[in-house]
Amino acid sequence: MRFCTDVAVRSPRIWLVVLLACAGLGVLAPSSQAAEALSVESLFAGNCKEGFKACNKAPPGATPAEEIAKAEKEGYTQAAGHPPFGVTEFKVASVGEPGQEVPLALLTHVRTDVGPGVSTNPEAVEKCSLAEFGEEEPFLPGKGLYLEPTCTENNGEKEGTEIGENKVLVALELAPKVFVDEEVKGTVYNLVQPNGLASDFGVALKLPKYLTEAELKKAFVEGGHPLKAFPGLEEKLEKEQYYAHTFIEGHVEWAKEPAGTDQGNYHNYYEINVSPTLPVISSRLTLFGNIGTTKQGGFITNPSHCAGAGAATLNKVTLTSLEGHVASREYIAPVGTKGCTLESPFLPVPFEPTFSLTTETTQSDQPTGMTTTLTVPHATGAEEKDIDSSQLDNAIVTLPEGMTLNPSAAHGLEACRRSQIGLGTRNKATCPYGSKIGTVTINVPDLPPESLKGNIYLGESESGGSESGQITSQPYTIYLNAESERYGVTVRVKGTVEGNETTGRVVAKFEKTP
């Protein structure tokens with residue numbers, strides 16, 4: 001019996017995906033027929049109340065009424081609230097008896113899309129560096145054996161970088177066609193994200209000592225390891241507790257992406273690269289949602305709007321096998337978010353935006369630039385009383401009376417075409433310089449201040465027809481394009497600006513923002 005690992009390095013971001021495997025514990029090699037049978041046997045994705053860390057969906061055969069009753073009892077449904085636990089659990093289609101199951105296909109990639117409006121805020125919790133988490137394998141490079149991370153953990157007095165736990169059930173082949181299922185548990189830490197990621201969570205999986213000890217013994221006996229020369233060190237190293245690492249990459253899907261949900265809505269999604277030498281049967285990831293009281297907001301926030309089952313609660317997991325087959329499954333919570341009305345015991349969702357405007361000159365009847373600031377306050381902390389603000393849907397801003405537009409000035413500007421701004425895509429915006437009419441900064445709780453910056457462009461008129469490239473008449477189209485290369489987020493919003501034909505008073509509208 002021996003222990004082996006597979007290490008994948010994602011250059012240039014130094015991403016290590018080190019996963020438990022087995023060799024004299026053999027590598028599973030399902031037939032092509034079995035690989036084609038890849039499917040997600042079950043999926044549960046939900047936010048749960050205090051005292052229900054083990055929450056799950058109703059068992060098979062439950063009636064709709066029983067499903068609702070269980071969800072009401074265990075699920076955290078306060079709109080804009082911070083749930084104690086956010087859980088994602090899936091199981092791969094497998095064969096065999098419990099304790100000796102074997103997955104029908106070997107996974108190489110897992111993607112999880114959470115419901116629109118559910119926010120995960122890595123800025124609410126302290127971050128652990130990759131060096132503290134563990135960049136180097138100290139004794140047997142290439143084997144995937146890491147020491148315990150030195151990331152700060154949570155205690156009764158102070159919150160650290162610990163944000164959850166992960167339980168993974170894997171199949172180990174002890175002898176030909178003789179399998180045993182092993183549950184590997186790990187702690188999840190909030191890491192400093194590399195460039196291009198909105199968030200980064202590292203999982204340190206605690207490896208069974210009987211596996212790592214056997215691998216180290218073999219290395220010392222057969223490999224002539226240089227540490228063997230130090231008396232007593234060999235045995236000490238064999239008895240050490242080792243960990244494997246996995247990484248959960250966090251992204252934001254703003255538009256319809258080729259590998260996305262094709263919904264074109266704003267939501268978070270997470271990706272994990274899985275070694276095919278790890279025969280994953282099931283995984284349960286539990287994140288602590290109501291931590292983050294020392295910073296802005298909580299780690300997880302529910303959608304702020306209230307609706308019945310299915311609305312803004314759709315979650316999806318997509319698996320990719322070694323053979324390149326793809327399987328997915330959706331989970332819709334039987335109970336939606338609540339709190340938009342005075343419904344006991346739910347708290348009403350606050351919404352108290354503020355607006356300010358300053359001009360470059362106070363001289364009357366003169367052209368002037370202006371700076372406008374629209375602010376939606378967010379709750380500080382993650383206590384039950386700290387319900388976050390409602391998320392923005394429509395913004396209609398009416399400028400002061402007497403401030404008007406000059407339509408003739410627009411004729412000297414270029415128009416940014418719809419294909420150039422790329423709404424609903426991640427294509428690079430190519431609006432001409434002559435269409436730029438301002439700059440924009442968007443601050444959101446999930447990113448550090450000043451992260452999202454960009455330009456405001458004057459767009460082609462809707463009345464001009466598709467791709468006319470003309471600026472004809474009111475209402476004028478404008479585009480906001482704010483980007484963060486550091487965090488891999490792009491925000492593109494379309495708006496309109498129109499002056500009242502009688503008074504000239506200007507109204508700007510941004511409707512149905514994600």
# chains A, B, ... in the order shown; residues from 1 in each chain; ligands from 1
>>> residues_around(residues="Gly297 of chain A", least_positions_apart="2", cutoff="10 Å", atoms="only C-alpha atoms", output="PyMOL selection string")
chain A and resi 81-82+121+123-125+290-295+299-301+378-383+386-388+445-446
>>> residues_around(residues="Thr161 of chain A", least_positions_apart="6", cutoff="8 Å", atoms="only C-alpha atoms", output="ChimeraX atom specification")
/A:125-128,151-154,189-191
>>> residues_around(residues="Ile437 of chain A", least_positions_apart="6", cutoff="9 Å", atoms="only C-alpha atoms", output="list in words")
Leu413, Asn455, Ile456, Tyr457, Leu458 and Ile478 of chain A
>>> residues_around(residues="Ile163 of chain A", least_positions_apart="6", cutoff="6 Å", atoms="only C-alpha atoms", output="list in words")
Val188, Tyr189, Leu287 and Phe288 of chain A
>>> select_by_dssp(residues="segment 264-430 of chain A", states="alpha helix (DSSP H)", output="PyMOL selection string")
chain A and resi 407-410+418-421
>>> write_last_selection(atoms="C-alpha atoms", output="tab-separated table (two decimals), in the first residue's frame")
chain	number	residue	atom	x	y	z
A	407	PRO	CA	-27.99	69.23	-27.79
A	408	SER	CA	-25.84	71.06	-30.31
A	409	ALA	CA	-22.70	70.12	-28.40
A	410	ALA	CA	-23.51	66.43	-28.86
A	418	ARG	CA	-23.29	48.71	-29.06
A	419	SER	CA	-20.75	46.28	-30.46
A	420	GLN	CA	-17.91	48.47	-29.21
A	421	ILE	CA	-19.07	48.67	-25.59
>>> closest_residue(among="A:Val178, A:Val40, A:Leu319, A:Ile442", to="Ser94 of chain A", atoms="only C-alpha atoms")
A:Val40
>>> select_by_dssp(residues="segment 57-191 of chain A", states="strand (DSSP E or B)", output="ChimeraX atom specification")
/A:75,78,85-92,94-95,102-103,107-113,119-120,128,146,162-175,178-191
>>> closest_residue(among="A:Ala37, A:Leu43, A:Ala327, A:Val114", to="Tyr269 of chain A", atoms="only C-alpha atoms")
A:Val114
>>> residues_around(residues="Leu285 of chain A", least_positions_apart="4", cutoff="8 Å", atoms="only C-alpha atoms", output="MDAnalysis selection string")
chainID A and resid 87:89 164:167
